[in-house]
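Q: My file is upload.pdb. It has PDB, C-alpha atoms and all ligand atoms:
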```
ATOM      1  CA  MET A   1     -25.090  20.785  10.206  1.00  0.00           C
ATOM      2  CA  ILE A   2     -25.657  17.455   8.449  1.00  0.00           C
ATOM      3  CA  SER A   3     -22.638  15.192   8.812  1.00  0.00           C
ATOM      4  CA  LEU A   4     -21.840  12.430   6.313  1.00  0.00           C
ATOM      5  CA  LEU A   5     -19.419   9.529   6.636  1.00  0.00           C
ATOM      6  CA  ILE A   6     -17.735   8.467   3.387  1.00  0.00           C
ATOM      7  CA  LEU A   7     -16.544   4.931   4.002  1.00  0.00           C
ATOM      8  CA  ASN A   8     -14.378   3.008   1.548  1.00  0.00           C
ATOM      9  CA  GLY A   9     -13.440  -0.634   1.880  1.00  0.00           C
ATOM     10  CA  PRO A  10     -10.709  -3.024   0.791  1.00  0.00           C
ATOM     11  CA  ASN A  11      -8.227  -2.176  -1.962  1.00  0.00           C
ATOM     12  CA  LEU A  12      -9.809   1.200  -2.707  1.00  0.00           C
ATOM     13  CA  ASN A  13      -6.614   2.809  -1.352  1.00  0.00           C
ATOM     14  CA  LEU A  14      -5.088   1.600  -4.661  1.00  0.00           C
ATOM     15  CA  LEU A  15      -7.393   3.699  -6.833  1.00  0.00           C
ATOM     16  CA  GLY A  16      -5.679   5.518  -9.670  1.00  0.00           C
ATOM     17  CA  GLN A  17      -2.663   3.223  -9.508  1.00  0.00           C
ATOM     18  CA  ARG A  18      -3.962   0.002 -11.103  1.00  0.00           C
ATOM     19  CA  GLN A  19      -6.851  -1.186 -13.332  1.00  0.00           C
ATOM     20  CA  PRO A  20      -7.750   2.371 -14.537  1.00  0.00           C
ATOM     21  CA  GLU A  21      -9.856   0.814 -17.329  1.00  0.00           C
ATOM     22  CA  ILE A  22     -12.290  -0.411 -14.653  1.00  0.00           C
ATOM     23  CA  TYR A  23     -11.909   2.037 -11.765  1.00  0.00           C
ATOM     24  CA  GLY A  24     -10.623   5.195 -13.482  1.00  0.00           C
ATOM     25  CA  ARG A  25      -7.576   7.349 -12.804  1.00  0.00           C
ATOM     26  CA  THR A  26      -8.859   9.347  -9.857  1.00  0.00           C
ATOM     27  CA  THR A  27      -7.050   8.555  -6.603  1.00  0.00           C
ATOM     28  CA  LEU A  28      -8.832   7.957  -3.311  1.00  0.00           C
ATOM     29  CA  ALA A  29      -7.329  11.182  -1.920  1.00  0.00           C
ATOM     30  CA  GLU A  30      -8.857  13.103  -4.861  1.00  0.00           C
ATOM     31  CA  ILE A  31     -12.240  11.430  -4.310  1.00  0.00           C
ATOM     32  CA  GLU A  32     -12.115  12.287  -0.609  1.00  0.00           C
ATOM     33  CA  ASP A  33     -11.239  15.943  -1.352  1.00  0.00           C
ATOM     34  CA  MET A  34     -14.124  16.067  -3.837  1.00  0.00           C
ATOM     35  CA  CYS A  35     -16.518  14.621  -1.220  1.00  0.00           C
ATOM     36  CA  VAL A  36     -15.476  17.187   1.400  1.00  0.00           C
ATOM     37  CA  SER A  37     -15.968  20.029  -1.147  1.00  0.00           C
ATOM     38  CA  ALA A  38     -19.293  18.633  -2.442  1.00  0.00           C
ATOM     39  CA  ALA A  39     -20.668  18.329   1.088  1.00  0.00           C
ATOM     40  CA  LYS A  40     -19.438  21.826   1.985  1.00  0.00           C
ATOM     41  CA  GLU A  41     -21.043  23.358  -1.148  1.00  0.00           C
ATOM     42  CA  ARG A  42     -24.327  21.887   0.051  1.00  0.00           C
ATOM     43  CA  GLY A  43     -23.951  23.152   3.611  1.00  0.00           C
ATOM     44  CA  ALA A  44     -22.989  19.756   5.042  1.00  0.00           C
ATOM     45  CA  SER A  45     -19.776  18.146   6.223  1.00  0.00           C
ATOM     46  CA  ALA A  46     -18.063  14.921   5.160  1.00  0.00           C
ATOM     47  CA  THR A  47     -15.653  12.738   7.100  1.00  0.00           C
ATOM     48  CA  CYS A  48     -13.737  10.188   5.058  1.00  0.00           C
ATOM     49  CA  MET A  49     -12.266   6.846   6.076  1.00  0.00           C
ATOM     50  CA  GLN A  50     -10.850   3.830   4.244  1.00  0.00           C
ATOM     51  CA  SER A  51      -9.959   0.442   5.663  1.00  0.00           C
ATOM     52  CA  ASN A  52      -8.897  -2.908   4.283  1.00  0.00           C
ATOM     53  CA  GLN A  53     -10.193  -4.608   7.463  1.00  0.00           C
ATOM     54  CA  GLU A  54     -13.805  -5.795   7.687  1.00  0.00           C
ATOM     55  CA  GLY A  55     -13.824  -5.311  11.487  1.00  0.00           C
ATOM     56  CA  GLU A  56     -12.676  -1.686  11.202  1.00  0.00           C
ATOM     57  CA  LEU A  57     -15.455  -0.957   8.719  1.00  0.00           C
ATOM     58  CA  ILE A  58     -17.973  -2.517  11.118  1.00  0.00           C
ATOM     59  CA  GLU A  59     -16.607  -0.419  14.026  1.00  0.00           C
ATOM     60  CA  ALA A  60     -16.877   2.737  11.894  1.00  0.00           C
ATOM     61  CA  ILE A  61     -20.525   1.952  11.064  1.00  0.00           C
ATOM     62  CA  HIS A  62     -21.312   1.339  14.767  1.00  0.00           C
ATOM     63  CA  ALA A  63     -19.553   4.586  15.753  1.00  0.00           C
ATOM     64  CA  ALA A  64     -21.516   6.519  13.114  1.00  0.00           C
ATOM     65  CA  ARG A  65     -24.706   6.232  15.206  1.00  0.00           C
ATOM     66  CA  GLY A  66     -25.257   9.611  16.860  1.00  0.00           C
ATOM     67  CA  LEU A  67     -22.211  11.072  15.103  1.00  0.00           C
ATOM     68  CA  HIS A  68     -23.175  11.063  11.413  1.00  0.00           C
ATOM     69  CA  ASP A  69     -26.545  11.502   9.709  1.00  0.00           C
ATOM     70  CA  GLY A  70     -25.769   9.355   6.684  1.00  0.00           C
ATOM     71  CA  ILE A  71     -23.162   6.951   5.328  1.00  0.00           C
ATOM     72  CA  ILE A  72     -21.921   6.613   1.736  1.00  0.00           C
ATOM     73  CA  LEU A  73     -20.418   3.126   1.630  1.00  0.00           C
ATOM     74  CA  ASN A  74     -18.242   1.553  -1.028  1.00  0.00           C
ATOM     75  CA  ALA A  75     -17.646  -1.761   0.704  1.00  0.00           C
ATOM     76  CA  GLY A  76     -15.503  -3.066  -2.189  1.00  0.00           C
ATOM     77  CA  ALA A  77     -15.525  -6.860  -2.427  1.00  0.00           C
ATOM     78  CA  TYR A  78     -17.094  -7.153   1.063  1.00  0.00           C
ATOM     79  CA  THR A  79     -20.286  -6.017  -0.691  1.00  0.00           C
ATOM     80  CA  HIS A  80     -20.603  -9.505  -2.117  1.00  0.00           C
ATOM     81  CA  THR A  81     -19.658 -11.502   0.989  1.00  0.00           C
ATOM     82  CA  SER A  82     -20.307  -9.683   4.239  1.00  0.00           C
ATOM     83  CA  ILE A  83     -23.422 -10.444   6.255  1.00  0.00           C
ATOM     84  CA  ALA A  84     -21.536  -8.788   9.136  1.00  0.00           C
ATOM     85  CA  LEU A  85     -21.457  -5.428   7.321  1.00  0.00           C
ATOM     86  CA  MET A  86     -25.134  -5.805   6.436  1.00  0.00           C
ATOM     87  CA  ASP A  87     -25.951  -6.423  10.124  1.00  0.00           C
ATOM     88  CA  ALA A  88     -23.820  -3.440  11.188  1.00  0.00           C
ATOM     89  CA  ILE A  89     -25.789  -1.117   8.883  1.00  0.00           C
ATOM     90  CA  THR A  90     -29.097  -2.461  10.184  1.00  0.00           C
ATOM     91  CA  SER A  91     -28.067  -2.184  13.841  1.00  0.00           C
ATOM     92  CA  SER A  92     -26.597   1.305  13.475  1.00  0.00           C
ATOM     93  CA  GLY A  93     -29.814   2.624  11.970  1.00  0.00           C
ATOM     94  CA  VAL A  94     -27.830   5.241  10.025  1.00  0.00           C
ATOM     95  CA  PRO A  95     -29.208   5.716   6.478  1.00  0.00           C
ATOM     96  CA  THR A  96     -26.650   4.250   4.082  1.00  0.00           C
ATOM     97  CA  ILE A  97     -26.190   4.577   0.322  1.00  0.00           C
ATOM     98  CA  GLU A  98     -24.300   1.761  -1.392  1.00  0.00           C
ATOM     99  CA  LEU A  99     -21.823   3.060  -3.934  1.00  0.00           C
ATOM    100  CA  HIS A 100     -19.658   1.412  -6.597  1.00  0.00           C
ATOM    101  CA  LEU A 101     -17.349   2.988  -9.148  1.00  0.00           C
ATOM    102  CA  SER A 102     -18.029   0.239 -11.677  1.00  0.00           C
ATOM    103  CA  ASN A 103     -21.434  -1.124 -12.707  1.00  0.00           C
ATOM    104  CA  ILE A 104     -21.456  -4.294 -10.601  1.00  0.00           C
ATOM    105  CA  HIS A 105     -24.463  -5.623 -12.565  1.00  0.00           C
ATOM    106  CA  ALA A 106     -22.523  -5.548 -15.844  1.00  0.00           C
ATOM    107  CA  ARG A 107     -19.573  -7.562 -14.502  1.00  0.00           C
ATOM    108  CA  GLU A 108     -18.992 -11.105 -13.233  1.00  0.00           C
ATOM    109  CA  ASP A 109     -22.024 -12.903 -11.755  1.00  0.00           C
ATOM    110  CA  PHE A 110     -20.481 -12.962  -8.269  1.00  0.00           C
ATOM    111  CA  ARG A 111     -20.524  -9.136  -8.224  1.00  0.00           C
ATOM    112  CA  LYS A 112     -24.281  -9.023  -8.898  1.00  0.00           C
ATOM    113  CA  LYS A 113     -25.003 -10.234  -5.365  1.00  0.00           C
ATOM    114  CA  SER A 114     -24.935  -7.434  -2.774  1.00  0.00           C
ATOM    115  CA  TYR A 115     -25.506  -7.999   0.932  1.00  0.00           C
ATOM    116  CA  ILE A 116     -25.600  -4.203   1.343  1.00  0.00           C
ATOM    117  CA  ALA A 117     -28.435  -3.470  -1.126  1.00  0.00           C
ATOM    118  CA  PRO A 118     -31.329  -4.835   0.998  1.00  0.00           C
ATOM    119  CA  VAL A 119     -30.421  -2.570   3.930  1.00  0.00           C
ATOM    120  CA  ALA A 120     -29.351   0.498   1.915  1.00  0.00           C
ATOM    121  CA  VAL A 121     -31.486   3.504   1.003  1.00  0.00           C
ATOM    122  CA  GLY A 122     -30.360   2.875  -2.570  1.00  0.00           C
ATOM    123  CA  GLN A 123     -27.430   2.008  -4.804  1.00  0.00           C
ATOM    124  CA  ILE A 124     -25.272   4.116  -7.134  1.00  0.00           C
ATOM    125  CA  SER A 125     -23.153   1.970  -9.412  1.00  0.00           C
ATOM    126  CA  GLY A 126     -21.214   2.572 -12.617  1.00  0.00           C
ATOM    127  CA  PHE A 127     -20.635   6.332 -12.647  1.00  0.00           C
ATOM    128  CA  GLY A 128     -16.996   6.275 -11.567  1.00  0.00           C
ATOM    129  CA  ALA A 129     -15.626   8.885  -9.155  1.00  0.00           C
ATOM    130  CA  PRO A 130     -18.444  11.403  -9.902  1.00  0.00           C
ATOM    131  CA  GLY A 131     -20.782   8.803  -8.368  1.00  0.00           C
ATOM    132  CA  TYR A 132     -19.629   9.976  -4.929  1.00  0.00           C
ATOM    133  CA  ARG A 133     -20.979  13.448  -5.691  1.00  0.00           C
ATOM    134  CA  LEU A 134     -24.266  11.898  -6.878  1.00  0.00           C
ATOM    135  CA  ALA A 135     -24.416   9.892  -3.654  1.00  0.00           C
ATOM    136  CA  ILE A 136     -23.880  12.984  -1.497  1.00  0.00           C
ATOM    137  CA  THR A 137     -26.683  14.832  -3.317  1.00  0.00           C
ATOM    138  CA  ALA A 138     -28.961  11.785  -3.063  1.00  0.00           C
ATOM    139  CA  MET A 139     -28.244  11.366   0.650  1.00  0.00           C
ATOM    140  CA  LEU A 140     -28.861  15.038   1.445  1.00  0.00           C
ATOM    141  CA  ASP A 141     -32.145  14.933  -0.519  1.00  0.00           C
ATOM    142  CA  HIS A 142     -33.118  11.737   1.300  1.00  0.00           C
ATOM    143  CA  LEU A 143     -32.343  13.196   4.745  1.00  0.00           C
ATOM    144  CA  ALA A 144     -34.294  16.361   3.876  1.00  0.00           C
ATOM    145  CA  SER A 145     -37.292  14.248   2.815  1.00  0.00           C
ATOM    146  CA  LEU A 146     -37.272  12.484   6.208  1.00  0.00           C
ATOM    147  CA  ASN A 147     -37.739  15.830   7.960  1.00  0.00           C
ATOM    148  CA  ARG A 148     -40.589  17.016   5.722  1.00  0.00           C
TER     149      ARG A 148
HETATM  150  O1  LIG A 201     -16.800  -0.805  -8.409  1.00  0.00           O
HETATM  151  C1  LIG A 201     -16.546  -0.706  -7.218  1.00  0.00           C
HETATM  152  O2  LIG A 201     -16.469   0.365  -6.624  1.00  0.00           O
HETATM  153  C2  LIG A 201     -16.254  -1.979  -6.409  1.00  0.00           C
HETATM  154  O3  LIG A 201     -16.805  -1.807  -5.093  1.00  0.00           O
HETATM  155  C3  LIG A 201     -14.744  -2.094  -6.344  1.00  0.00           C
HETATM  156  C4  LIG A 201     -14.276  -3.381  -5.682  1.00  0.00           C
HETATM  157  C5  LIG A 201     -14.959  -4.592  -6.304  1.00  0.00           C
HETATM  158  O4  LIG A 201     -14.577  -5.766  -5.605  1.00  0.00           O
HETATM  159  C6  LIG A 201     -16.460  -4.455  -6.287  1.00  0.00           C
HETATM  160  O5  LIG A 201     -17.018  -5.590  -6.917  1.00  0.00           O
HETATM  161  C7  LIG A 201     -16.887  -3.210  -7.019  1.00  0.00           C
HETATM  162  C8  LIG A 201     -12.757  -3.551  -5.860  1.00  0.00           C
HETATM  163  C9  LIG A 201     -11.963  -2.404  -5.387  1.00  0.00           C
HETATM  164  C10 LIG A 201     -10.559  -2.638  -5.834  1.00  0.00           C
HETATM  165  O6  LIG A 201     -10.009  -1.394  -6.124  1.00  0.00           O
HETATM  166  C11 LIG A 201      -8.881  -1.384  -6.865  1.00  0.00           C
HETATM  167  C12 LIG A 201      -8.475  -0.158  -7.282  1.00  0.00           C
HETATM  168  C13 LIG A 201      -7.356  -0.041  -8.054  1.00  0.00           C
HETATM  169  C14 LIG A 201      -6.633  -1.168  -8.388  1.00  0.00           C
HETATM  170  C15 LIG A 201      -7.041  -2.387  -7.943  1.00  0.00           C
HETATM  171  C16 LIG A 201      -8.179  -2.514  -7.173  1.00  0.00           C
END
```
Before anything else, please render the file you have as structure tokens.

A:
Amino acid sequence: MISLLILNGPNLNLLGQRQPEIYGRTTLAEIEDMCVSAAKERGASATCMQSNQEGELIEAIHAARGLHDGIILNAGAYTHTSIALMDAITSSGVPTIELHLSNIHAREDFRKKSYIAPVAVGQISGFGAPGYRLAITAMLDHLASLNR
């Protein structure tokens, strides 16, 4: 069975509690439940993790090698700063989709730079919580295309 890692970075544990005009009202727990159900409906499994620590996110990406087939990563603000996360994705070799709730290209200039994008399969940005479901579908399609 295909196994996906849904990895969320800093401050995303606060979802649904503050700034709903930007990030919506869905909590992280609701998003994680939705990811588990969406993966299951498609015959796959999803494991979810959130951390506010850059090092823990890096460890999770390293550990994903051999354990998970794909990663859906919302790296939060580390997206725009972390060469270390970029290197972790490259070294793990696990196909990764970059995900954002908001459209990072329609916001401040500093959010337009992503260190994740060059090493990701692709980017989903601006669709809110349903974007996670889109990312799961996109990842499963991508993994299937690799085996064709
Ligand atoms: O749009 C996204 O998903 C972001 O990755 C969210 C990050 C932001 O730094 C990125 O530029 C885009 C911020 C996550 C903060 O989440 C909060 C949630 C509720 C209340 C406050 C912050």

Q: Need to verify the contact set: Leu12 (chain A), 12 Å, all atoms listed in the file, exclusion of same-chain residues closer than 5 positions in sequence. Can you return it as a list in words?

A: Leu7, Gln17, Arg18, Gln19, Tyr23, Gly24, Thr26, Thr27, Leu28, Ala29, Ile31, Glu32, Met49, Gln50, Ser51, Asn52, Gln53, Leu73, Asn74, Ala75, Gly76, Ala77, Tyr78, His100, Leu101 and Ala129 of chain A

Q: Tell me, counting all atoms listed in the file, for each residue of region 25-126 of chain A within 10 Å of region 139-145 of chain A, which pair of atoms is nearest and how far apart they are in Å to one decimal, in rows ordered by chain and increasing number, as a Markdown table.

A:
```
| residue | atom | partner | partner_atom | distance |
| --- | --- | --- | --- | --- |
| A:Ala39 | CA | A:Leu140 | CA | 8.8 |
| A:Arg42 | CA | A:Leu140 | CA | 8.3 |
| A:Gly43 | CA | A:Leu140 | CA | 9.7 |
| A:Ala44 | CA | A:Leu140 | CA | 8.3 |
| A:Asp69 | CA | A:Leu143 | CA | 7.8 |
| A:Gly70 | CA | A:Met139 | CA | 6.8 |
| A:Ile71 | CA | A:Met139 | CA | 8.2 |
| A:Ile72 | CA | A:Met139 | CA | 8.0 |
| A:Pro95 | CA | A:Met139 | CA | 8.2 |
| A:Thr96 | CA | A:Met139 | CA | 8.1 |
| A:Ile97 | CA | A:Met139 | CA | 7.1 |
| A:Val121 | CA | A:His142 | CA | 8.4 |
| A:Gly122 | CA | A:Met139 | CA | 9.3 |
```

Q: Can you list, as a PyMOL selection string, the residues that the PyMOL selection byres (((chain A and resi 36) around 12) and not hetatm) selects here?

A: chain A and resi 3-6+29-35+37-49+132-133+136

Q: Using all atoms listed in the file, which of the listed residues (A:Ile61, A:Met1, A:Ile83, A:Ile22) sits closest to ligand LIG 201 (chain A)?

A: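 Once distances to ligand LIG 201 (chain A) are computed over all atoms listed in the file, the minimum belongs to A:Ile22.
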
Q: Please indicate the distance in Å from CA of Ile89 (chain A) to CA of Phe127 (chain A), rounded to one decimal place.

A: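 Computing it gives 23.4 Å between the two atoms.
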
Q: Using all atoms of region 88-101 of chain A listed in the file and a margin of 4 Å per side, can you give the axis-aligned box centre and edge lengths in Å to one decimal, as JSON?

A:
```
{"center_x": -23.6, "center_y": 1.1, "center_z": 2.3, "size_x": 20.5, "size_y": 17.2, "size_z": 31.0}
```

Q: Evaluate the PyMOL selection byres (((chain A and resi 113-115) around 7) and not hetatm) here and jot the selected residues down as a PDB file with C-alpha atoms, keeping the file's coordinate frame.

A:
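Output file expr-v2.pdb follows:
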```pdb
ATOM      1  CA  THR A  79     -20.286  -6.017  -0.691  1.00  0.00           C
ATOM      2  CA  HIS A  80     -20.603  -9.505  -2.117  1.00  0.00           C
ATOM      3  CA  THR A  81     -19.658 -11.502   0.989  1.00  0.00           C
ATOM      4  CA  SER A  82     -20.307  -9.683   4.239  1.00  0.00           C
ATOM      5  CA  ILE A  83     -23.422 -10.444   6.255  1.00  0.00           C
ATOM      6  CA  MET A  86     -25.134  -5.805   6.436  1.00  0.00           C
ATOM      7  CA  PHE A 110     -20.481 -12.962  -8.269  1.00  0.00           C
ATOM      8  CA  ARG A 111     -20.524  -9.136  -8.224  1.00  0.00           C
ATOM      9  CA  LYS A 112     -24.281  -9.023  -8.898  1.00  0.00           C
ATOM     10  CA  ILE A 116     -25.600  -4.203   1.343  1.00  0.00           C
ATOM     11  CA  ALA A 117     -28.435  -3.470  -1.126  1.00  0.00           C
ATOM     12  CA  PRO A 118     -31.329  -4.835   0.998  1.00  0.00           C
TER      13      PRO A 118
END
```

Q: Interatomic distance between CA of Pro20 (chain A) and CA of Ser125 (chain A)?

A: 16.2 Å

Q: Under the rule that only C-alpha atoms and all ligand atoms are counted, which of A:Leu146, A:Ala138, A:Ile2, A:Ile124 is the nearest residue to ligand LIG 201 (chain A)?

A: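 That would be A:Ile124, the residue with the smallest distance to ligand LIG 201 (chain A).
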
Q: I'd like to know which of A:His68, A:Arg25, A:His62, A:Arg148 is closest to ligand LIG 201 (chain A), using only C-alpha atoms and all ligand atoms.

A: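 Checking each of A:His68, A:Arg25, A:His62, A:Arg148 against ligand LIG 201 (chain A), counting only C-alpha atoms and all ligand atoms, the winner is A:Arg25.
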
Q: Taking into account all atoms listed in the file, which residue in the set A:Gln123, A:Ser102, A:Thr137, A:Thr90 is nearest to ligand LIG 201 (chain A)?

A: A:Ser102

Q: Please rebuild region 124-142 of chain A with N, CA and C atoms and give the result as a PDB file, in the coordinates of the input.

A:
```pdb
ATOM      1  N   ILE A 124     -25.806   3.363  -5.993  1.00  0.00           N
ATOM      2  CA  ILE A 124     -25.272   4.116  -7.134  1.00  0.00           C
ATOM      3  C   ILE A 124     -24.082   3.316  -7.646  1.00  0.00           C
ATOM      4  N   SER A 125     -24.139   2.924  -8.915  1.00  0.00           N
ATOM      5  CA  SER A 125     -23.153   1.970  -9.412  1.00  0.00           C
ATOM      6  C   SER A 125     -22.854   2.262 -10.876  1.00  0.00           C
ATOM      7  N   GLY A 126     -21.582   2.464 -11.209  1.00  0.00           N
ATOM      8  CA  GLY A 126     -21.214   2.572 -12.617  1.00  0.00           C
ATOM      9  C   GLY A 126     -20.884   3.968 -13.105  1.00  0.00           C
ATOM     10  N   PHE A 127     -20.887   4.954 -12.219  1.00  0.00           N
ATOM     11  CA  PHE A 127     -20.635   6.332 -12.647  1.00  0.00           C
ATOM     12  C   PHE A 127     -19.228   6.813 -12.312  1.00  0.00           C
ATOM     13  N   GLY A 128     -18.369   5.891 -11.885  1.00  0.00           N
ATOM     14  CA  GLY A 128     -16.996   6.275 -11.567  1.00  0.00           C
ATOM     15  C   GLY A 128     -16.938   7.212 -10.376  1.00  0.00           C
ATOM     16  N   ALA A 129     -15.826   7.980 -10.295  1.00  0.00           N
ATOM     17  CA  ALA A 129     -15.626   8.885  -9.155  1.00  0.00           C
ATOM     18  C   ALA A 129     -16.760   9.906  -8.981  1.00  0.00           C
ATOM     19  N   PRO A 130     -17.347  10.448 -10.091  1.00  0.00           N
ATOM     20  CA  PRO A 130     -18.444  11.403  -9.902  1.00  0.00           C
ATOM     21  C   PRO A 130     -19.643  10.794  -9.162  1.00  0.00           C
ATOM     22  N   GLY A 131     -19.707   9.475  -9.109  1.00  0.00           N
ATOM     23  CA  GLY A 131     -20.782   8.803  -8.368  1.00  0.00           C
ATOM     24  C   GLY A 131     -20.812   9.215  -6.903  1.00  0.00           C
ATOM     25  N   TYR A 132     -19.648   9.549  -6.341  1.00  0.00           N
ATOM     26  CA  TYR A 132     -19.629   9.976  -4.929  1.00  0.00           C
ATOM     27  C   TYR A 132     -20.398  11.282  -4.762  1.00  0.00           C
ATOM     28  N   ARG A 133     -20.246  12.186  -5.760  1.00  0.00           N
ATOM     29  CA  ARG A 133     -20.979  13.448  -5.691  1.00  0.00           C
ATOM     30  C   ARG A 133     -22.494  13.190  -5.817  1.00  0.00           C
ATOM     31  N   LEU A 134     -22.847  12.265  -6.734  1.00  0.00           N
ATOM     32  CA  LEU A 134     -24.266  11.898  -6.878  1.00  0.00           C
ATOM     33  C   LEU A 134     -24.806  11.341  -5.568  1.00  0.00           C
ATOM     34  N   ALA A 135     -23.981  10.527  -4.910  1.00  0.00           N
ATOM     35  CA  ALA A 135     -24.416   9.892  -3.654  1.00  0.00           C
ATOM     36  C   ALA A 135     -24.621  10.931  -2.559  1.00  0.00           C
ATOM     37  N   ILE A 136     -23.743  11.925  -2.512  1.00  0.00           N
ATOM     38  CA  ILE A 136     -23.880  12.984  -1.497  1.00  0.00           C
ATOM     39  C   ILE A 136     -25.175  13.758  -1.725  1.00  0.00           C
ATOM     40  N   THR A 137     -25.430  14.122  -2.998  1.00  0.00           N
ATOM     41  CA  THR A 137     -26.683  14.832  -3.317  1.00  0.00           C
ATOM     42  C   THR A 137     -27.890  13.968  -2.960  1.00  0.00           C
ATOM     43  N   ALA A 138     -27.830  12.687  -3.338  1.00  0.00           N
ATOM     44  CA  ALA A 138     -28.961  11.785  -3.063  1.00  0.00           C
ATOM     45  C   ALA A 138     -29.186  11.641  -1.564  1.00  0.00           C
ATOM     46  N   MET A 139     -28.101  11.525  -0.802  1.00  0.00           N
ATOM     47  CA  MET A 139     -28.244  11.366   0.650  1.00  0.00           C
ATOM     48  C   MET A 139     -28.836  12.627   1.280  1.00  0.00           C
ATOM     49  N   LEU A 140     -28.344  13.798   0.853  1.00  0.00           N
ATOM     50  CA  LEU A 140     -28.861  15.038   1.445  1.00  0.00           C
ATOM     51  C   LEU A 140     -30.346  15.222   1.095  1.00  0.00           C
ATOM     52  N   ASP A 141     -30.727  14.876  -0.134  1.00  0.00           N
ATOM     53  CA  ASP A 141     -32.145  14.933  -0.519  1.00  0.00           C
ATOM     54  C   ASP A 141     -32.960  13.951   0.327  1.00  0.00           C
ATOM     55  N   HIS A 142     -32.410  12.759   0.509  1.00  0.00           N
ATOM     56  CA  HIS A 142     -33.118  11.737   1.300  1.00  0.00           C
ATOM     57  C   HIS A 142     -33.318  12.207   2.745  1.00  0.00           C
TER      58      HIS A 142
END
```
